[in-house]
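> Sharing coords03.txt, compact mmCIF, C-alpha atoms:
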```txt
# COMPACT_ATOMS: atom_id res chain seq x y z
CA MET F 1 -5.16 -20.36 -3.03
CA THR F 2 -4.99 -16.59 -2.68
CA LEU F 3 -7.75 -14.41 -4.02
CA PRO F 4 -6.89 -13.38 -7.59
CA PRO F 5 -7.30 -9.77 -8.77
CA PHE F 6 -10.95 -9.18 -9.68
CA GLU F 7 -10.04 -8.77 -13.36
CA ARG F 8 -8.96 -12.43 -13.45
CA PHE F 9 -12.09 -13.65 -11.70
CA TYR F 10 -14.27 -11.62 -14.07
CA GLU F 11 -12.45 -12.69 -17.25
CA GLU F 12 -12.60 -16.30 -16.26
CA HIS F 13 -16.29 -16.51 -15.39
CA ARG F 14 -18.12 -13.80 -17.34
CA ASP F 15 -19.10 -15.82 -20.43
CA GLU F 16 -20.19 -18.85 -18.48
CA ILE F 17 -22.28 -16.81 -16.03
CA PHE F 18 -23.79 -14.82 -18.88
CA GLY F 19 -24.76 -18.07 -20.63
CA PHE F 20 -26.39 -19.30 -17.46
CA LEU F 21 -28.39 -16.05 -17.10
CA VAL F 22 -29.47 -16.16 -20.76
CA ARG F 23 -30.86 -19.68 -20.25
CA ARG F 24 -32.65 -18.55 -17.10
CA LEU F 25 -34.00 -15.18 -18.16
CA GLY F 26 -33.69 -14.76 -21.92
CA ARG F 27 -31.20 -12.48 -23.56
CA ASP F 28 -32.83 -9.10 -22.75
CA ARG F 29 -33.12 -9.57 -19.02
CA ALA F 30 -29.84 -11.45 -18.84
CA GLU F 31 -27.89 -8.29 -19.61
CA ASP F 32 -29.15 -6.41 -16.57
CA ALA F 33 -28.80 -9.49 -14.40
CA PHE F 34 -25.24 -9.96 -15.63
CA GLN F 35 -24.26 -6.46 -14.62
CA GLU F 36 -25.95 -6.82 -11.26
CA THR F 37 -24.25 -10.18 -10.65
CA PHE F 38 -20.76 -8.87 -11.15
CA LEU F 39 -21.39 -5.58 -9.34
CA ARG F 40 -22.62 -7.58 -6.37
CA ALA F 41 -19.61 -9.86 -6.62
CA LEU F 42 -17.33 -6.82 -6.77
CA ARG F 43 -18.89 -5.35 -3.61
CA ALA F 44 -18.41 -8.58 -1.69
CA TYR F 45 -15.05 -9.53 -3.22
CA PRO F 46 -12.65 -8.01 -0.65
CA ARG F 47 -14.40 -9.93 2.11
CA LEU F 48 -13.55 -13.31 0.59
CA ARG F 49 -10.77 -14.96 2.52
CA HIS F 50 -9.40 -17.19 -0.22
CA GLY F 51 -9.72 -17.95 -3.91
CA GLU F 52 -11.37 -21.36 -3.69
CA HIS F 53 -14.84 -22.21 -5.06
CA LEU F 54 -15.03 -18.86 -6.86
CA ARG F 55 -16.97 -20.42 -9.69
CA ALA F 56 -19.62 -21.84 -7.38
CA TRP F 57 -19.72 -18.49 -5.61
CA ALA F 58 -20.35 -16.68 -8.91
CA TYR F 59 -23.15 -19.13 -9.76
CA THR F 60 -24.69 -18.60 -6.33
CA ILE F 61 -24.85 -14.84 -6.83
CA ALA F 62 -26.16 -15.20 -10.40
CA GLY F 63 -28.77 -17.74 -9.23
CA ARG F 64 -29.99 -15.41 -6.53
CA ILE F 65 -30.28 -12.52 -8.98
CA ALA F 66 -32.07 -14.71 -11.55
CA ILE F 67 -34.66 -15.56 -8.90
CA ASP F 68 -35.15 -11.88 -8.02
CA GLU F 69 -35.48 -11.07 -11.72
CA HIS F 70 -38.08 -13.80 -12.19
CA ARG F 71 -40.19 -12.35 -9.43
CA ARG F 72 -39.96 -8.85 -10.76
CA PRO F 73 -42.80 -7.96 -13.14
CA ARG F 74 -41.42 -7.23 -16.58
CA ALA F 75 -40.86 -3.63 -17.63
CA ASP F 76 -41.67 -2.44 -14.13
CA ALA F 77 -38.21 -1.97 -12.84
CA ASP F 78 -39.28 1.01 -10.73
CA LEU F 79 -41.63 -0.96 -8.52
CA PRO F 80 -40.32 -1.89 -5.09
CA GLU F 81 -38.62 -5.27 -4.83
CA LEU F 82 -41.28 -7.91 -4.35
CA ALA F 83 -38.90 -10.68 -3.52
CA SER F 84 -38.72 -9.77 0.13
CA LEU F 85 -42.51 -9.75 0.67
CA ASP F 86 -43.15 -13.45 0.41
CA GLY F 87 -41.03 -14.67 3.27
CA ARG F 88 -37.67 -16.30 3.14
CA PRO F 89 -36.86 -17.57 -0.37
CA ALA F 90 -36.09 -21.23 -0.88
CA PHE F 91 -32.37 -20.73 -1.20
CA ALA F 92 -32.13 -18.90 2.13
CA GLN F 93 -33.90 -21.70 4.01
CA LEU F 94 -31.78 -24.29 2.29
CA GLU F 95 -28.51 -22.53 2.94
CA HIS F 96 -29.26 -22.61 6.62
CA LEU F 97 -30.43 -26.21 6.56
CA ALA F 98 -27.43 -27.33 4.57
CA ASP F 99 -24.98 -25.54 6.82
CA GLU F 100 -23.53 -28.70 8.30
CA LEU F 101 -22.92 -30.57 5.06
CA PRO F 102 -19.43 -30.93 3.61
CA PRO F 103 -18.75 -28.09 1.10
CA THR F 104 -19.35 -29.98 -2.15
CA GLU F 105 -22.57 -31.61 -0.99
CA ARG F 106 -23.74 -28.33 0.46
CA ALA F 107 -23.09 -26.46 -2.78
CA ALA F 108 -24.77 -29.22 -4.83
CA VAL F 109 -27.89 -29.27 -2.62
CA VAL F 110 -28.22 -25.48 -2.50
CA LEU F 111 -27.65 -25.01 -6.22
CA ARG F 112 -30.03 -27.84 -7.13
CA TYR F 113 -32.92 -27.25 -4.76
CA GLY F 114 -32.42 -23.63 -3.82
CA TYR F 115 -31.55 -22.24 -7.23
CA ASP F 116 -32.99 -24.89 -9.49
CA LEU F 117 -29.81 -25.34 -11.52
CA ASP F 118 -29.61 -28.53 -13.54
CA TYR F 119 -26.88 -31.06 -12.85
CA ALA F 120 -24.77 -30.04 -15.83
CA GLU F 121 -24.69 -26.45 -14.54
CA ILE F 122 -23.91 -27.58 -11.01
CA GLY F 123 -21.16 -29.83 -12.33
CA ALA F 124 -19.72 -26.84 -14.19
CA ALA F 125 -19.95 -24.65 -11.08
CA LEU F 126 -18.18 -27.24 -8.97
CA GLY F 127 -15.54 -27.98 -11.54
CA SER F 128 -16.72 -31.58 -12.01
CA ASN F 129 -19.53 -32.98 -14.16
CA ALA F 130 -23.26 -33.73 -14.12
CA THR F 131 -22.86 -37.24 -12.70
CA ALA F 132 -20.65 -36.11 -9.84
CA ALA F 133 -23.04 -33.23 -9.13
CA ARG F 134 -26.02 -35.58 -9.00
CA GLN F 135 -24.15 -37.90 -6.61
CA ALA F 136 -23.10 -35.00 -4.38
CA ALA F 137 -26.66 -33.65 -4.22
CA SER F 138 -28.21 -37.01 -3.36
CA ALA F 139 -25.49 -37.77 -0.80
CA GLY F 140 -26.26 -34.39 0.76
CA ILE F 141 -29.99 -35.06 0.84
CA ARG F 142 -29.44 -38.50 2.43
CA ARG F 143 -27.24 -36.89 5.06
CA LEU F 144 -29.86 -34.23 5.78
CA ARG F 145 -32.59 -36.89 6.11
CA ARG F 146 -30.48 -38.77 8.66
CA LYS F 147 -30.00 -35.57 10.65
CA GLU F 148 -33.60 -34.52 10.64
CA PRO F 149 -35.34 -35.34 13.94
CA GLN F 150 -38.05 -37.96 13.41
CA MET S 1 -22.66 -20.21 -27.20
CA ASN S 2 -23.56 -17.06 -25.30
CA ILE S 3 -20.66 -14.70 -25.05
CA VAL S 4 -20.62 -11.33 -23.34
CA SER S 5 -20.73 -8.68 -26.06
CA PRO S 6 -18.07 -5.94 -26.07
CA ASP S 7 -20.84 -3.45 -25.34
CA LEU S 8 -22.12 -5.30 -22.27
CA ASP S 9 -18.56 -5.83 -21.11
CA ARG S 10 -17.80 -2.12 -21.41
CA ARG S 11 -21.01 -1.20 -19.60
CA PHE S 12 -20.08 -3.40 -16.67
CA ARG S 13 -16.55 -2.02 -16.51
CA ASP S 14 -17.87 1.56 -16.64
CA ALA S 15 -20.49 0.88 -13.96
CA ALA S 16 -17.92 -0.72 -11.66
CA ALA S 17 -15.78 2.42 -11.81
CA GLN S 18 -18.79 4.76 -11.70
CA GLU S 19 -19.99 3.19 -8.45
CA GLY S 20 -16.59 3.65 -6.87
CA LEU S 21 -16.09 -0.07 -6.35
CA LEU S 22 -12.54 -0.33 -7.67
CA ASP S 23 -9.28 -0.24 -5.74
CA ALA S 24 -7.52 0.44 -9.04
CA ALA S 25 -8.67 0.80 -12.65
CA TYR S 26 -6.28 0.40 -15.56
CA ASP S 27 -6.22 0.49 -19.34
CA LEU S 28 -3.73 0.44 -22.18
CA VAL S 29 -2.92 3.75 -23.85
CA ASP S 30 -1.32 4.00 -27.30
CA THR S 31 1.46 6.54 -27.65
CA PRO S 32 4.23 7.21 -30.18
CA ILE S 33 6.67 5.51 -27.79
CA GLY S 34 4.59 2.38 -27.39
CA LYS S 35 1.63 1.05 -25.49
CA LEU S 36 1.49 2.18 -21.88
CA LEU S 37 -0.40 0.48 -19.09
CA VAL S 38 -1.93 3.31 -17.08
CA ALA S 39 -3.64 2.79 -13.72
CA THR S 40 -5.50 5.03 -11.31
CA THR S 41 -7.05 4.84 -7.86
CA GLU S 42 -9.81 7.12 -6.60
CA ARG S 43 -7.07 9.47 -5.39
CA GLY S 44 -5.19 9.78 -8.65
CA LEU S 45 -2.87 8.24 -11.19
CA CYS S 46 -0.88 5.43 -9.56
CA ARG S 47 1.00 3.63 -12.33
CA ILE S 48 2.36 4.11 -15.84
CA ALA S 49 4.24 1.10 -17.18
CA TYR S 50 6.23 0.63 -20.37
CA ASP S 51 6.17 -2.76 -22.12
CA ALA S 52 3.80 -4.06 -19.48
CA GLU S 53 2.95 -7.69 -19.07
CA PRO S 54 -0.66 -7.04 -17.99
CA ASP S 55 -0.90 -10.14 -15.77
CA ARG S 56 2.12 -9.13 -13.78
CA GLU S 57 1.05 -5.50 -13.49
CA ILE S 58 -2.46 -6.49 -12.40
CA GLU S 59 -1.02 -8.72 -9.65
CA LEU S 60 1.20 -5.87 -8.54
CA LEU S 61 -1.69 -3.40 -8.48
CA ALA S 62 -3.81 -5.86 -6.48
CA ARG S 63 -1.03 -6.39 -3.95
CA THR S 64 -0.43 -2.66 -3.58
CA PHE S 65 -3.91 -1.17 -3.68
CA GLY S 66 -6.38 -4.04 -3.12
CA VAL S 67 -7.88 -6.96 -5.05
CA ARG S 68 -10.56 -4.98 -6.85
CA VAL S 69 -8.47 -4.26 -9.92
CA LEU S 70 -10.36 -4.01 -13.20
CA ARG S 71 -9.61 -2.83 -16.70
CA SER S 72 -11.88 0.14 -17.29
CA ALA S 73 -11.44 2.79 -19.96
CA LYS S 74 -13.40 5.64 -18.43
CA PRO S 75 -11.29 6.37 -15.34
CA ILE S 76 -8.20 6.43 -17.59
CA ASP S 77 -9.71 8.83 -20.16
CA PRO S 78 -8.36 12.04 -18.57
CA ALA S 79 -4.83 10.60 -18.55
CA ARG S 80 -5.25 9.32 -22.10
CA ARG S 81 -6.31 12.78 -23.23
CA GLU S 82 -3.44 14.58 -21.52
CA LEU S 83 -0.88 12.07 -22.81
CA ASP S 84 -2.24 12.51 -26.35
CA GLU S 85 -1.88 16.27 -26.03
CA TYR S 86 1.62 15.94 -24.60
CA PHE S 87 2.80 13.73 -27.46
CA ASP S 88 1.16 16.14 -29.95
CA GLY S 89 3.24 18.95 -28.45
CA ARG S 90 0.09 20.70 -27.25
CA ARG S 91 0.68 20.17 -23.52
CA ARG S 92 3.64 21.07 -21.34
CA THR S 93 2.35 20.26 -17.87
CA PHE S 94 0.04 17.55 -16.62
CA ASP S 95 -2.99 18.47 -14.56
CA LEU S 96 -3.63 14.93 -13.33
CA PRO S 97 -3.80 14.18 -9.61
CA VAL S 98 -1.30 11.50 -8.65
CA ASP S 99 -1.49 8.89 -5.91
CA VAL S 100 1.94 8.38 -4.37
CA ALA S 101 0.61 8.02 -0.82
CA LEU S 102 2.10 4.55 -0.38
CA LEU S 103 5.65 5.51 -1.32
CA ALA S 104 8.36 6.14 1.25
CA GLU S 105 8.71 9.71 2.48
CA PHE S 106 12.07 10.25 0.75
CA ASN S 107 10.71 9.00 -2.57
CA ARG S 108 7.70 11.31 -2.28
CA ARG S 109 9.92 14.28 -1.56
CA VAL S 110 12.23 13.56 -4.50
CA LEU S 111 9.30 12.96 -6.87
CA GLY S 112 7.72 16.19 -5.62
CA GLU S 113 10.88 18.09 -6.60
CA LEU S 114 11.02 16.20 -9.89
CA ALA S 115 7.49 17.34 -10.73
CA ARG S 116 8.75 20.95 -10.57
CA VAL S 117 11.42 20.45 -13.25
CA PRO S 118 9.94 22.35 -16.21
CA TYR S 119 9.18 21.00 -19.65
CA GLY S 120 12.18 21.11 -21.95
CA GLU S 121 14.74 21.47 -19.14
CA VAL S 122 17.07 18.93 -17.57
CA VAL S 123 18.67 18.57 -14.15
CA THR S 124 21.39 16.26 -12.89
CA TYR S 125 20.82 13.62 -10.24
CA GLY S 126 22.98 15.69 -7.88
CA GLU S 127 20.97 18.88 -8.44
CA LEU S 128 17.73 17.05 -7.80
CA ALA S 129 19.21 15.58 -4.61
CA ALA S 130 20.17 19.10 -3.49
CA ARG S 131 16.67 20.39 -4.21
CA ALA S 132 15.29 17.58 -2.06
CA GLU S 133 17.63 18.79 0.72
CA ARG S 134 19.78 15.65 0.52
CA PRO S 135 22.77 16.97 -1.44
CA ARG S 136 24.84 13.81 -1.03
CA ALA S 137 22.07 11.45 -2.10
CA ALA S 138 22.54 11.59 -5.89
CA ARG S 139 22.76 7.81 -6.07
CA ALA S 140 19.61 7.33 -3.99
CA VAL S 141 17.87 9.84 -6.27
CA GLY S 142 18.91 7.64 -9.19
CA THR S 143 17.19 4.70 -7.54
CA VAL S 144 14.03 6.74 -6.98
CA MET S 145 14.05 7.71 -10.68
CA ASN S 146 14.54 4.08 -11.65
CA ARG S 147 11.48 3.07 -9.60
CA ASN S 148 9.36 6.06 -10.59
CA PRO S 149 5.81 4.65 -10.73
CA LEU S 150 4.62 7.42 -13.07
CA PRO S 151 7.19 8.04 -15.83
CA ILE S 152 6.39 10.84 -18.32
CA VAL S 153 3.90 12.50 -15.93
CA LEU S 154 6.59 12.65 -13.23
CA PRO S 155 9.35 13.54 -15.69
CA CYS S 156 12.31 11.38 -14.70
CA HIS S 157 13.44 11.61 -18.34
CA ARG S 158 14.55 15.16 -17.49
CA VAL S 159 17.19 13.90 -15.07
CA ILE S 160 20.64 13.26 -16.56
CA GLY S 161 24.19 12.51 -15.47
CA ALA S 162 26.61 15.19 -14.25
CA ASN S 163 28.63 14.84 -17.49
CA GLY S 164 25.55 15.46 -19.60
CA SER S 165 25.03 11.83 -20.60
CA LEU S 166 21.51 10.45 -20.51
CA THR S 167 22.67 7.72 -18.08
CA GLY S 168 19.64 5.41 -17.91
CA TYR S 169 15.89 5.14 -18.14
CA GLY S 170 13.35 2.56 -16.95
CA GLY S 171 11.71 2.54 -20.38
CA GLY S 172 15.03 2.33 -22.24
CA LEU S 173 17.39 5.11 -23.34
CA ASP S 174 15.74 5.41 -26.77
CA ARG S 175 12.56 6.55 -25.13
CA LYS S 176 14.36 9.02 -22.85
CA GLU S 177 15.98 10.51 -25.91
CA MET S 178 12.66 10.71 -27.80
CA LEU S 179 10.96 12.45 -24.88
CA LEU S 180 13.77 15.00 -24.53
CA ARG S 181 13.75 15.56 -28.28
CA LEU S 182 9.97 16.07 -28.22
CA GLU S 183 10.41 18.69 -25.50
CA GLY S 184 13.21 20.39 -27.39
CA ALA S 185 15.72 19.71 -24.61
CA ILE S 186 18.07 18.06 -27.12
CA LEU S 187 18.31 18.49 -30.85
```
What does this structure look like when you write it as structure tokens?

Amino acid sequence: MTLPPFERFYEEHRDEIFGFLVRRLGRDRAEDAFQETFLRALRAYPRLRHGEHLRAWAYTIAGRIAIDEHRRPRADADLPELASLDGRPAFAQLEHLADELPPTERAAVVLRYGYDLDYAEIGAALGSNATAARQAASAGIRRLRRKEPQ
Amino acid sequence: MNIVSPDLDRRFRDAAAQEGLLDAAYDLVDTPIGKLLVATTERGLCRIAYDAEPDREIELLARTFGVRVLRSAKPIDPARRELDEYFDGRRRTFDLPVDVALLAEFNRRVLGELARVPYGEVVTYGELAARAERPRAARAVGTVMNRNPLPIVLPCHRVIGANGSLTGYGGGLDRKEMLLRLEGAIL
């Protein structure tokens, strides 16, 4: 699937991603996070090689920004970013760890344990449903356990 | 259900253009001869389309200029203003930079000559070919006019047949006639 024009990608995902950010951050902070999410997506967009998993990709960016927003003290937007001070965030460690999993399991594990999305949200991001997302995440975890050196 | 408000949507679209992240921005512009889809790159105006099917135009823009195509009103505002003035009869020349960098050399040369044809005047395809130093290329000039990416601003409506007939127009002959009437080139 070729990469669609950004307008299409934006139109298709904006409401869903905004809803996700509102649930995470509340309406006020969601607006800034929304803008940041799609600006970040726009910067990275030409580097994507194909148009698959765009929804999961959008959720990944939004999840990362929601975490940064959570760590930022309210009404102190001018302070330096604190997120980078406390070591590698959970999602970064997980992304590395989950590198060898098949794509769906990898996305499910990272979104569940790295970004703390619930299974309904992960199902939506993966274009399936909550049950399938739960199964993918636990299959991924089992696979990681088997790989881990005892 | 949480839906992106028109205000938030507009702010994102403005910011995307403001930060220089777009390969092409476009918007629809209302005119007395119909809604135009107008697009611009950082270098200048790159497309004016009559009766546009937005999906198809957006695909075309993405293929030509890059995938970061977004509807955004602000970058189109200067063109919107100048088109408004033109249709009000308050403007005779356009001061908008145009981006024709990707066109073939011959097309650029012909469109460059076309841009010099003054408001309210007409030339024939043959004359325009001669001005572009290709006197026998009247037919090829016709093709360039037909594929003009920037009608109105690059005034292909001012080019007519040797016998004085309007010949043809990408936006339809009615529109060619209306534009020439607006400019006082025909009564």
> Output the contact residues of chain F with respect to chain S at a cut-off of 10 Å, based on all atoms listed in the file, as an MDAnalysis selection string.
chainID F and resid 3:11 14:23 27 31:32 34:40 42:46
> Given all atoms listed in the file as the basis, pick out the residue of S:Leu45, S:Ile76, S:Ala115, S:Val153 nearest to Pro97 in chain S.
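Checking each candidate against Pro97 in chain S, we get S:Leu45 as the closest.
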> For Thr60 in chain F, which residue out of F:Arg47, F:Arg72, F:Arg29, F:Arg106 is the nearest one, using all atoms listed in the file?
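Nearest to Thr60 in chain F: F:Arg106.
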> (12.9, 20.2, -4.0) in this file's frame - what residues fall within 6 Å of it? Use only C-alpha atoms and give the answer as a PyMOL selection string.
chain S and resi 113+131-132
> Need to verify the contact set: Leu117 in chain F, 10 Å, only C-alpha atoms, exclusion of same-chain residues closer than 3 positions in sequence. Can you return it as a list in words?
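Once the adjacent positions are removed, what remains is Phe20, Arg24, Tyr59, Thr60, Gly63, Ala108, Val109, Val110, Leu111, Arg112, Tyr113, Gly114, Ala120, Glu121, Ile122, Gly123 and Ala125 of chain F.
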> May I ask for the distance between CA of Gly34 in chain S and CA of Leu111 in chain S, given in Å to one decimal place?
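Computing the Euclidean distance for CA of Gly34 in chain S and CA of Leu111 in chain S yields 23.6 Å.
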> Would you mind telling me which residue in S:Phe65, S:Gly112, S:Asp30, S:Cys156 lies nearest to Leu180 in chain S when using only C-alpha atoms?
S:Cys156
> Name the residues in contact with Ala39 in chain S at a cut-off of 6 Å, using only C-alpha atoms, excluding same-chain residues fewer than 2 positions from it; report them as a ChimeraX atom specification.
/S:25-26,46-47
> Could those selected residues go to a file with C-alpha atoms, as a JSON list (two decimals), keeping the file's coordinate frame?

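Contents of the output file selection-v6.json:
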```
[["chain", "number", "residue", "atom", "x", "y", "z"],
["S", 25, "ALA", "CA", -8.67, 0.80, -12.65],
["S", 26, "TYR", "CA", -6.28, 0.40, -15.56],
["S", 46, "CYS", "CA", -0.88, 5.43, -9.56],
["S", 47, "ARG", "CA", 1.00, 3.63, -12.33]]
```
